[in-house]
Every structure is written in structure tokens, then in C-alpha cells.
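Enquirer: The structure that follows is given in the form of C-alpha cells.
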Amino acid sequence: MSGPLLKLSGVTAFYGAIQALKGVDLEVAPGEIVTLIGANGAGKSTLMMTICGSPHARHGQILYDGRDITALPTHEIMHMGLAQSPEGRRIFGRMTVHENLLMGAQVVAMRNYAATRDLVFTLFPRLKERLAQRGGTLSGGEQQMLAIGRALMSQPRLLLLDEPSLGLAPLVVRQIFGAIRQLNRETGLTVLLVEQNAFQALRLAHRGYVLVNGAVTMAGSGAELLARPEIRAAYLEGGH
Amino acid sequence: MAYALQQLINGVTLGMIYGLIAVGYTMVYGIIGMINFAHGDVFMIGAFLSLISLTLLSVLGLSSVPLALALTLVFAAGIAALYGWTIERVAYRPLRGSFRLAPLISAIGMSIVLQNFAQVSQGARVKPIAPLIPGGIQLMNVEGFAVQLSWMQIVIVVTTLAVLGVFTYLVSATPLGRSMRACEQDQKMAGLLGIDTDKTISLTFVIGAALAAVAGLMFLLYYGVIDFFIGFVAGVKAFTAAVLGGIGSLPGAVLGGLAIGLIETFWSAYFSVQYKDVAAFSILVIVLIFLPTGLLGRTDVEKV
Ligand SMILES: Nc1ncnc2c1ncn2[C@@H]1O[C@H](COP(=O)(O)OP(=O)(O)O)[C@@H](O)[C@H]1O
Ligand SMILES: [Mg+2]
């Protein structure tokens with residue numbers, strides 16, 4: 001039987017005295033693309049980081065593949081088949097593209113390295129051309145591709161993507177969304193995608209959640225959420 | 001000319017020792033952004049460990065000098081590494097995330113603890129050691145002034161270069177080295193890639209301490225005498241070297257060490273021995289004023 005790959009129940013998270021998550025319930029089934037949309041400061045990035053144990057959830061429970069990861073240290077969680085391309089990309093600027101990819105592969109056996117890297121190159125051919133270049137000298141779009149590529153190097157079952165389209169040209173955004181769709185269809189990769197670009201995200205995703213002030217206010221299939229007037233008003237009008 | 005050449009040889013030898021210590025300062029600064037003031041004292045402990053090991057081995061009747069040196073190097077580096085690990089665990093890790101000055105104060109406290117420990121356990125008097133590798137080669141003789149390159153100097157320079165070579169390979173081409181650089185650039189991201197950042201920081205202290213112990217052995221061989229206070233003076237000079245080279249930069253640390261060694265030697269030779277330390281510290285002040293990022297320091301701001 002196959003339960004959810006990721007299941008959050010009643011998760012709260014704090015920065016000092018500030019409560020950023022107020023009891024979040026969320027599920028991602030294997031093979032799904034789930035998107036999390038919400039305004040700036042809603043707690044989306046906090047949710048992504050809390051799944052990875054940084055910060056740890058204060059209440060509630062996070063199950064990954066049936067195992068309780070709520071209190072595990074970050075580096076242990078990241079050995080279990082999750083990978084995150086975080087907000088702001090966080091490329092190692094003083095390392096080459098090659099070294100950045102090696103960093104992504106640190107948790108898996110080196111013998112798979114070449115094959116995984118070739119997959120990343122098929123998705124993002126630009127990275128192959130830039131292999132010896134320092135991460136800090138890449139363009140924004142290239143850095144985003146590298147951030148996703150680096151996350152893929154660990155051959156994850158669940159990929160967490162935090163605002164991959166932020167600040168990028170529409171053409172690059174299309175390429176990145178295309179890559180996510182292709183990975184999901186061809187390899188069955190499960191994706192949790194945080195986006196401000198709600199329209200494109202909801203069209204790509206099977207299901208979506210809306211986060212407001214650290215709590216989930218709406219959930220449903222991508223098409224359902226796209227059709228809701230309150231979503232259109234809050235996140236789509238004036239958007240793309 | 002001959003006199004200057006001799007100073008050059010002496011300066012490079014001394015500079016190598018400073019460089020080895022400076023690497024430890026710069027590594028720790030790079031990864032957790034703190035000045036490990038106890039590092040000079042780990043160097044001092046390394047020198048004492050070397051003295052103890054060499055004395056023991058000679059009492060045990062080991063007559064092969066290369067073997068004795070190799071065993072001593074491993075012993076001193078190993079035990080000093082343990083010191084480095086312990087210092088981080090006891091004095092710095094509990095304070096991580098505390099206010100910025102806290103680990104600095106703790107480091108100064110640790111430095112005093114190590115000095116007092118050495119003073120009490122080894123005595124306050126200067127400890128001598130008989131020259132292990134006498135002799136050398138005479139490079140030239142100009143008007144009665146012989147330029148000497150002692151075997152000891154060759155051993156020091158060659159050992160230091162070998163240790164630095166291994167260390168450079170470790171940092172630039174191994175998974176551990178990459179993890180260290182990753183933690184240095186973005187600890188949170190390193191964690192997201194499955195790196196145990198606490199362990200990586202521990203290993204940084206371990207490696208820095210081992211290098212300092214090698215420097216301690218070299219210092220003991222070069223000067224033939226040590227006391228519990230050598231860590232302070234050599235430590236401040238090596239720290240100066242790290243700042244001069246650009247704190248956080250590994251090649252900078254070695255380059256800075258060479259520069260300080262040369263300046264100190266030439267100053268002693270041409271001006272006054274009494275003021276050689278003043279010369280080194282004046283450089284620290286001047287560098288901080290005119291070249292705050294050092295010779296190889298980073299000025300580039302990355303787009304993230
Ligand atoms: N490191 C932090 N320290 C303190 N407060 C934070 C920190 N990161 C985020 N916050 C606060 O937590 C809330 C949620 O932020 P975030 O998760 O980044 O939202 P989103 O990703 O949806 O824009 C915001 O109010 C933000 O100011
Ligand atoms: Mg965010």
C-alpha cells in the first residue's frame with residue numbers, strides 16, 4: 001500500500017517569539033506535483049525549511065515515507081531522499097558549477113554521479129557549458145538551474161522547490177517549469193513547489209494549498225483553485 | 001649581498017612556521033567567523049608534545065633521527081588534534097548563536113588555561129633540546145662571510161611544504177575539503193545538502209591543531225628551546241600573517257607567514273633584534289588601516 005510520501009499534521013514553527021507556522025496540515029502523495037501558494041511572508045519558505053528540520057517544528061508531526069522526521073537533525077533528513085532548492089538559490093559562489101553539483105551528490109554513492117549528471121545536463125544544457133565557471137559568476141537563470149540541478153544530484157524521491165521562478169525572464173521560467181513537468185512524468189519524481197507565480201504553478205501542479213499567515217486556508221486540485229474567484233482576486237489578477 | 005641571502009634563507013624558514021600556524025587561524029575564521037585566540041597555545045602544546053616525544057624516543061634508544069622525527073610528528077599532531085577538538089567542543093560550540101563577543105572571550109580564557117596548564121605541568125623555565133640534525137651546506141663564501149643552509153632548515157622547509165601540499169589537496173579536491181568550503185560559504189545550505197556542519201567544524205579545528213603541532217615541532221627543532229609562553233608571541237605573529245594574507249584565504253596565510261618571517265628576520269639583521277616584535281605588530285596595524293582585506297583577501301561581493 002502506498003501512503004503519502006510526505007505528511008504534515010498540526011505543524012507549528014517559531015523564530016524566537018514570532019510564530020511563522022500555525023498548525024499546518026499538508027500531504028504529498030508519491031508521484032504528485034503539489035504547489036503551495038501564498039503572499040510574501042505567509043510562511044511558505046519556513047514550511048519548506050521546517051520539513052528539512054531548520055527550524056524544527058515545535059508542535060505537530062512530519063512524516064516522510066512513513067517515518068517520523070520531526071526531530072531529526074537536518075543533515076540526517078537530507079540523507080533520506082529529500083532535496084531542496086531553497087529560496088534565493090544559495091549557490092556556492094566560490095565553487096565551480098562542477099563542485100556545486102558534487103556537493104549535491106555528497107549524500108549518494110559516487111558511482112551514480114556520471115549518470116545523474118547527464119540527466120541534469122539534458123534538462124539544463126547550459127550547465128554543461130558552464131561546468132568550470134564559478135557559481136557566483138552565473139546569471140540568475142543559470143544559478144536557478146544549478147540550484148535545481150544540485151538538488152537533483154542527490155537522486156531525491158521528493159524535490160522541494162522554493163520560488164524557482166523568482167526574478168527570472170519568462171523564457172527561463174518556462175524552461176524550468178518544463179523541466180519539472182518532464183522529471184515528474186518521466187521519472188515519477190514527487191515535487192512540492194512554492195510559488196508566487198500562482199497561475200503557472202497551479203497549471204503545472206496536480207494539487208495546491210493556499211497559505212495565509214502561517215495557516216492553510218484552501219486546498220484542492222490545481223484546476224479547482226484556479227477557478228475560485230477569491231484565488232483569482234488575491235493571487236492572479238495582475239499576475240502572469 | 002651574501003649577508004642578505006643568508007637572511008633570506010632564515011626568513012623563509014621562519015616564515016614557513018608562521019604560515020603553518022596562520023593556516024589554522026584563517027581556517028577557523030573562514031568557517032565560523034571567529035578568531036581562535038587559543039590557537040597559538042595549541043602550537044605551544046604541540047612543541048611540548050614534540051619535546052616529550054623526542055626525549056622519550058631517545059631514552060628508549062631510538063637512534064634513527066628520521067624515524068624519531070616521523071613518529072614525533074604523528075604523535076604531536078595526533079594529540080594536538082585532540083586538544084583542538086576538545087577546545088571547540090568545550091569552549092566554542094556551547095556559545096554558538098550567543099552574542100558575538102562570547103566565543104572571543106572564551107577563546108582568550110582557553111588560551112590562558114593552556115598556558116597555565118603547560119606552565120604548571122612542564123615548569124616555567126625554558127626547555128632546551130640537543131640539536132638533532134647538525135651541519136649543513138655552505139652555499140657561498142664572500143669575503144669571509146659564509147652563507148649557510150643548514151640541514152635543519154631544509155628539513156623544516158621540506159616538511160612544511162609537504163604538509164601544506166597534503167593539506168591543499170585535502171581542501172581543494174576531497175569531499176571533506178568541499179564540505180569545509182561549503183560550510184564556510186553557507187552553513188545552512190551545506191546542511192540542506194546533508195553535510196553534518198557540527199562535525200565539519202570539529203574537523204576544521206582538528207586539522208588546524210594538527211598543523212599547529214607540526215609548526216611546534218619545527219619551532220622546537222629550529223630554536224632548540226621552548227617555554228610555555230612561545231604560543232602567545234608566535235600566535236600573534238601568525239595571526240598577523242593571516243590578516244596580512246587576507247583572513248579566510250589559505251594561500252594568503254602561507255604568503256602572509258612568509259612575509260612576516262622575512263620582515264622579522266631582515267629587521268633583526270639590519271635594524272635591531274629588540275624591536276623585531278614591534279616591527280611585526282606595526283605591520284598588523286598598518287595592514288588593518290590600509291589593506292583591511294589583506295593581500296589575497298576577498299573583496300568581491302557575490303550575487304546570491
Ligand atoms: N530567519 C528569520 N527570523 C525571524 N523571522 C523570520 C525569519 N524568516 C522568516 N521570518 C518571518 O516569518 C514569516 C514567514 O516568512 P517566510 O517563511 O519567509 O514567508 P514566505 O516564504 O511565504 O514569503 C515572516 O513574517 C517573516 O518575517
Ligand atoms: Mg519565501
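Chain labels run A, B, ... following the order of the C-alpha cells; each chain numbers its residues from 1, and ligands are numbered from 1 in the order shown.
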With a cut-off of 8 Å and counting only C-alpha atoms, select all residues of chain B in contact with chain A and give the selection as a PyMOL selection string.
Expert: chain B and resi 175+178-179+182+185-186+189+191-196+302-304
Enquirer: May I have the residues within 6 Å of ligand 1, computed using only C-alpha atoms and all ligand atoms, as an MDAnalysis selection string?
Expert: chainID A and resid 15 20 40:46
Enquirer: Selection from above, all heavy atoms, as a PDB file, in the first residue's frame, can you write it?
Expert:
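The new file again.pdb reads:
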```pdb
ATOM      1  N   TYR A  15      10.220  31.641  15.052  1.00  0.00           N
ATOM      2  CA  TYR A  15      11.524  32.312  15.083  1.00  0.00           C
ATOM      3  C   TYR A  15      11.542  33.122  16.371  1.00  0.00           C
ATOM      4  O   TYR A  15      10.916  34.182  16.435  1.00  0.00           O
ATOM      5  CB  TYR A  15      11.702  33.250  13.894  1.00  0.00           C
ATOM      6  CG  TYR A  15      11.723  32.551  12.550  1.00  0.00           C
ATOM      7  CD1 TYR A  15      10.642  32.666  11.670  1.00  0.00           C
ATOM      8  CD2 TYR A  15      12.827  31.798  12.155  1.00  0.00           C
ATOM      9  CE1 TYR A  15      10.667  32.040  10.439  1.00  0.00           C
ATOM     10  CE2 TYR A  15      12.854  31.166  10.922  1.00  0.00           C
ATOM     11  CZ  TYR A  15      11.774  31.289  10.070  1.00  0.00           C
ATOM     12  OH  TYR A  15      11.797  30.673   8.854  1.00  0.00           O
ATOM     13  N   ALA A  20       5.652  31.521  12.898  1.00  0.00           N
ATOM     14  CA  ALA A  20       5.573  31.604  11.443  1.00  0.00           C
ATOM     15  C   ALA A  20       4.634  30.560  10.856  1.00  0.00           C
ATOM     16  O   ALA A  20       4.082  30.756   9.778  1.00  0.00           O
ATOM     17  CB  ALA A  20       6.966  31.475  10.832  1.00  0.00           C
ATOM     18  N   ASN A  40       3.725  37.105   0.087  1.00  0.00           N
ATOM     19  CA  ASN A  40       5.008  37.288   0.748  1.00  0.00           C
ATOM     20  C   ASN A  40       4.851  37.266   2.262  1.00  0.00           C
ATOM     21  O   ASN A  40       3.975  37.928   2.794  1.00  0.00           O
ATOM     22  CB  ASN A  40       5.556  38.661   0.333  1.00  0.00           C
ATOM     23  CG  ASN A  40       6.994  38.570  -0.065  1.00  0.00           C
ATOM     24  OD1 ASN A  40       7.719  37.711   0.443  1.00  0.00           O
ATOM     25  ND2 ASN A  40       7.412  39.436  -0.951  1.00  0.00           N
ATOM     26  N   GLY A  41       5.672  36.491   2.956  1.00  0.00           N
ATOM     27  CA  GLY A  41       5.609  36.463   4.407  1.00  0.00           C
ATOM     28  C   GLY A  41       4.565  35.516   4.956  1.00  0.00           C
ATOM     29  O   GLY A  41       4.356  35.456   6.169  1.00  0.00           O
ATOM     30  N   ALA A  42       3.906  34.732   4.098  1.00  0.00           N
ATOM     31  CA  ALA A  42       2.857  33.815   4.559  1.00  0.00           C
ATOM     32  C   ALA A  42       3.443  32.640   5.334  1.00  0.00           C
ATOM     33  O   ALA A  42       2.753  32.002   6.133  1.00  0.00           O
ATOM     34  CB  ALA A  42       2.058  33.305   3.371  1.00  0.00           C
ATOM     35  N   GLY A  43       4.729  32.342   5.098  1.00  0.00           N
ATOM     36  CA  GLY A  43       5.351  31.219   5.804  1.00  0.00           C
ATOM     37  C   GLY A  43       5.728  30.065   4.882  1.00  0.00           C
ATOM     38  O   GLY A  43       6.061  28.977   5.350  1.00  0.00           O
ATOM     39  N   LYS A  44       5.702  30.307   3.576  1.00  0.00           N
ATOM     40  CA  LYS A  44       5.990  29.229   2.608  1.00  0.00           C
ATOM     41  C   LYS A  44       7.416  28.703   2.771  1.00  0.00           C
ATOM     42  O   LYS A  44       7.639  27.494   2.867  1.00  0.00           O
ATOM     43  CB  LYS A  44       5.770  29.734   1.171  1.00  0.00           C
ATOM     44  CG  LYS A  44       4.388  30.314   0.912  1.00  0.00           C
ATOM     45  CD  LYS A  44       4.219  30.757  -0.515  1.00  0.00           C
ATOM     46  CE  LYS A  44       5.136  31.900  -0.952  1.00  0.00           C
ATOM     47  NZ  LYS A  44       4.903  33.180  -0.254  1.00  0.00           N
ATOM     48  N   SER A  45       8.376  29.626   2.795  1.00  0.00           N
ATOM     49  CA  SER A  45       9.770  29.187   2.916  1.00  0.00           C
ATOM     50  C   SER A  45      10.018  28.532   4.268  1.00  0.00           C
ATOM     51  O   SER A  45      10.752  27.548   4.374  1.00  0.00           O
ATOM     52  CB  SER A  45      10.721  30.379   2.751  1.00  0.00           C
ATOM     53  OG  SER A  45      10.573  30.924   1.471  1.00  0.00           O
ATOM     54  N   THR A  46       9.369  29.072   5.287  1.00  0.00           N
ATOM     55  CA  THR A  46       9.503  28.474   6.609  1.00  0.00           C
ATOM     56  C   THR A  46       9.009  27.031   6.589  1.00  0.00           C
ATOM     57  O   THR A  46       9.643  26.139   7.154  1.00  0.00           O
ATOM     58  CB  THR A  46       8.694  29.283   7.641  1.00  0.00           C
ATOM     59  OG1 THR A  46       9.152  30.636   7.605  1.00  0.00           O
ATOM     60  CG2 THR A  46       8.862  28.727   9.045  1.00  0.00           C
TER      61      THR A  46
END
```
Enquirer: In Å, how far is it from CA of Glu87 in chain A to CA of Asp162 in chain A?
Expert: 4.9 Å
Enquirer: Would you kindly return, as a list of chain:residue names, each protein, DNA or RNA residue with an atom no farther than 12 Å from any atom of Val278 in chain B, considering only C-alpha atoms and excluding same-chain residues fewer than 5 positions away?
Expert: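 The residues satisfying every condition are B:Val233, B:Val236, B:Lys237, B:Thr240, B:Ile260, B:Ile263, B:Glu264, B:Trp267, B:Ser268, B:Phe271, B:Ser272, B:Val273, B:Ile283, B:Leu284, B:Val285.
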Enquirer: Show me, as number ranges by chain, the residues that have an atom within 8 Å of range 13-28 of chain B when counting only C-alpha atoms, minus same-chain residues fewer than 5 positions from it.
Expert: B: 33-36, 39-40, 43, 153, 156-157, 160, 164, 204-205, 207-209, 211-212, 214-215, 218-219, 234-235, 237-239, 241-242, 247-250, 253-262
Enquirer: Near range 93-110 of chain B, counting only C-alpha atoms, which residues have an atom at most 10 Å away, once you skip same-chain residues fewer than 4 positions from it, shown as a list of chain:residue names?
Expert: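 Using only C-alpha atoms, the neighbours found are B:Ile32, B:Gly33, B:Met34, B:Ile35, B:Asn36, B:Phe37, B:Ala38, B:His39, B:Asp41, B:Ile87, B:Glu88, B:Arg89, B:Leu114, B:Gln115, B:Asn116, B:Asp198, B:Ile201, B:Ser202.
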Enquirer: Which residue is closest to ligand 2? Choose from A:Gly208, A:Gly178, A:Gly3, A:Gly214 and count only C-alpha atoms and all ligand atoms.
Expert: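 Going through A:Gly208, A:Gly178, A:Gly3, A:Gly214 one by one, the smallest distance to ligand 2 is for A:Gly214.
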Enquirer: Which residue is closest to ligand 2? Choose from A:Ala39, A:Met110, A:Ala233, A:Ile180 and count only C-alpha atoms and all ligand atoms.
Expert: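 When distances to ligand 2 are compared using only C-alpha atoms and all ligand atoms, the smallest one comes from A:Ala39.
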Enquirer: If we count only C-alpha atoms and set the cut-off at 10 Å, which residues sit around Gly222 in chain A, ignoring sequence neighbours fewer than 3 positions away in its own chain? Please answer as a PDB file with N, CA and C atoms, in the first residue's frame.
Expert:
```
ATOM      1  N   ILE A  33       2.756  16.443  -8.140  1.00  0.00           N
ATOM      2  CA  ILE A  33       3.319  17.792  -8.005  1.00  0.00           C
ATOM      3  C   ILE A  33       2.315  18.585  -7.182  1.00  0.00           C
ATOM      4  N   VAL A  34       2.736  19.044  -6.033  1.00  0.00           N
ATOM      5  CA  VAL A  34       1.858  19.830  -5.174  1.00  0.00           C
ATOM      6  C   VAL A  34       2.453  21.222  -5.061  1.00  0.00           C
ATOM      7  N   THR A  35       1.613  22.235  -5.193  1.00  0.00           N
ATOM      8  CA  THR A  35       2.139  23.588  -5.072  1.00  0.00           C
ATOM      9  C   THR A  35       1.563  24.283  -3.846  1.00  0.00           C
ATOM     10  N   ALA A 198       1.428  32.190  -9.129  1.00  0.00           N
ATOM     11  CA  ALA A 198       0.398  31.206  -8.805  1.00  0.00           C
ATOM     12  C   ALA A 198      -0.246  30.590 -10.040  1.00  0.00           C
ATOM     13  N   PHE A 199      -0.434  31.390 -11.068  1.00  0.00           N
ATOM     14  CA  PHE A 199      -1.135  30.904 -12.255  1.00  0.00           C
ATOM     15  C   PHE A 199      -0.381  29.725 -12.877  1.00  0.00           C
ATOM     16  N   GLN A 200       0.903  29.935 -13.166  1.00  0.00           N
ATOM     17  CA  GLN A 200       1.692  28.862 -13.776  1.00  0.00           C
ATOM     18  C   GLN A 200       1.835  27.675 -12.842  1.00  0.00           C
ATOM     19  N   ALA A 201       2.005  27.947 -11.562  1.00  0.00           N
ATOM     20  CA  ALA A 201       2.195  26.861 -10.604  1.00  0.00           C
ATOM     21  C   ALA A 201       0.947  25.989 -10.525  1.00  0.00           C
ATOM     22  N   LEU A 202      -0.227  26.621 -10.482  1.00  0.00           N
ATOM     23  CA  LEU A 202      -1.464  25.851 -10.369  1.00  0.00           C
ATOM     24  C   LEU A 202      -1.753  25.068 -11.647  1.00  0.00           C
ATOM     25  N   ARG A 203      -1.304  25.602 -12.773  1.00  0.00           N
ATOM     26  CA  ARG A 203      -1.499  24.857 -14.017  1.00  0.00           C
ATOM     27  C   ARG A 203      -0.580  23.636 -14.093  1.00  0.00           C
ATOM     28  N   LEU A 204       0.588  23.778 -13.485  1.00  0.00           N
ATOM     29  CA  LEU A 204       1.560  22.681 -13.511  1.00  0.00           C
ATOM     30  C   LEU A 204       1.196  21.594 -12.501  1.00  0.00           C
ATOM     31  N   ALA A 205       0.670  22.022 -11.338  1.00  0.00           N
ATOM     32  CA  ALA A 205       0.530  21.091 -10.216  1.00  0.00           C
ATOM     33  C   ALA A 205      -0.738  20.261 -10.296  1.00  0.00           C
ATOM     34  N   HIS A 206      -0.679  19.071  -9.677  1.00  0.00           N
ATOM     35  CA  HIS A 206      -1.885  18.274  -9.532  1.00  0.00           C
ATOM     36  C   HIS A 206      -2.792  18.881  -8.477  1.00  0.00           C
ATOM     37  N   ARG A 207      -2.192  19.277  -7.382  1.00  0.00           N
ATOM     38  CA  ARG A 207      -2.976  19.869  -6.292  1.00  0.00           C
ATOM     39  C   ARG A 207      -2.254  21.080  -5.749  1.00  0.00           C
ATOM     40  N   GLY A 208      -3.000  21.888  -5.003  1.00  0.00           N
ATOM     41  CA  GLY A 208      -2.379  23.067  -4.426  1.00  0.00           C
ATOM     42  C   GLY A 208      -2.916  23.375  -3.043  1.00  0.00           C
ATOM     43  N   TYR A 209      -2.138  24.108  -2.274  1.00  0.00           N
ATOM     44  CA  TYR A 209      -2.551  24.613  -0.970  1.00  0.00           C
ATOM     45  C   TYR A 209      -2.333  26.122  -0.969  1.00  0.00           C
ATOM     46  N   ALA A 219      -7.454  24.271  -0.049  1.00  0.00           N
ATOM     47  CA  ALA A 219      -6.705  23.205  -0.701  1.00  0.00           C
ATOM     48  C   ALA A 219      -7.573  22.611  -1.789  1.00  0.00           C
ATOM     49  N   LEU A 225      -8.613  25.267  -7.768  1.00  0.00           N
ATOM     50  CA  LEU A 225      -8.121  26.500  -7.147  1.00  0.00           C
ATOM     51  C   LEU A 225      -8.071  27.634  -8.175  1.00  0.00           C
ATOM     52  N   LEU A 226      -7.683  27.286  -9.404  1.00  0.00           N
ATOM     53  CA  LEU A 226      -7.622  28.312 -10.449  1.00  0.00           C
ATOM     54  C   LEU A 226      -8.990  28.923 -10.711  1.00  0.00           C
ATOM     55  N   ALA A 227     -10.027  28.113 -10.509  1.00  0.00           N
ATOM     56  CA  ALA A 227     -11.377  28.579 -10.820  1.00  0.00           C
ATOM     57  C   ALA A 227     -11.982  29.429  -9.698  1.00  0.00           C
TER      58      ALA A 227
END
```
Enquirer: Quick check for you: according to DSSP on this backbone, which residues of range 1-235 of chain A are classed as alpha helix (DSSP H)? Reply as JSON, numbers by chain.
Expert: {"A": [44, 45, 46, 47, 48, 49, 50, 51, 74, 75, 76, 77, 97, 98, 99, 100, 101, 102, 103, 104, 113, 114, 115, 116, 117, 118, 119, 120, 121, 122, 123, 125, 126, 127, 128, 129, 140, 141, 142, 143, 144, 145, 146, 147, 148, 149, 150, 151, 152, 170, 171, 172, 173, 174, 175, 176, 177, 178, 179, 180, 181, 182, 183, 184, 185, 186, 187, 198, 199, 200, 201, 202, 203, 204, 222, 223, 224, 225, 226, 227, 229, 230, 231]}
Enquirer: When distances are computed from only C-alpha atoms and all ligand atoms, which of A:Leu189, A:Ile62, A:Ile51, A:Leu161 shows the smallest separation from ligand 2?
Expert: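 Going through A:Leu189, A:Ile62, A:Ile51, A:Leu161 one by one, the smallest distance to ligand 2 is for A:Leu161.
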Enquirer: Could you please write out, as a list in words, every residue of range 42-141 of chain B that DSSP assigns to strand (DSSP E or B)?
Expert: Lys127, Pro128, Gly136, Ile137, Gln138, Leu139, Met140 and Asn141 of chain B
Enquirer: Those same residues, written as a tab-separated table (two decimals), in the first residue's frame with C-alpha atoms?
Expert:
```
chain	number	residue	atom	x	y	z
B	127	LYS	CA	63.31	23.78	27.99
B	128	PRO	CA	66.23	23.00	25.70
B	136	GLY	CA	74.51	21.91	6.63
B	137	ILE	CA	75.84	23.07	3.33
B	138	GLN	CA	77.83	26.18	2.66
B	139	LEU	CA	76.31	27.87	-0.34
B	140	MET	CA	78.98	30.53	-0.86
B	141	ASN	CA	81.71	32.36	0.95
```
Enquirer: Considering only C-alpha atoms, return as a PyMOL selection string whatever protein or nucleic-acid residues lie within 7 Å of range 116-130 of chain A, sequence-local ones (same chain, fewer than 2 positions apart) excluded.
Expert: chain A and resi 97+112-114+132-133+145-146+149+153+179
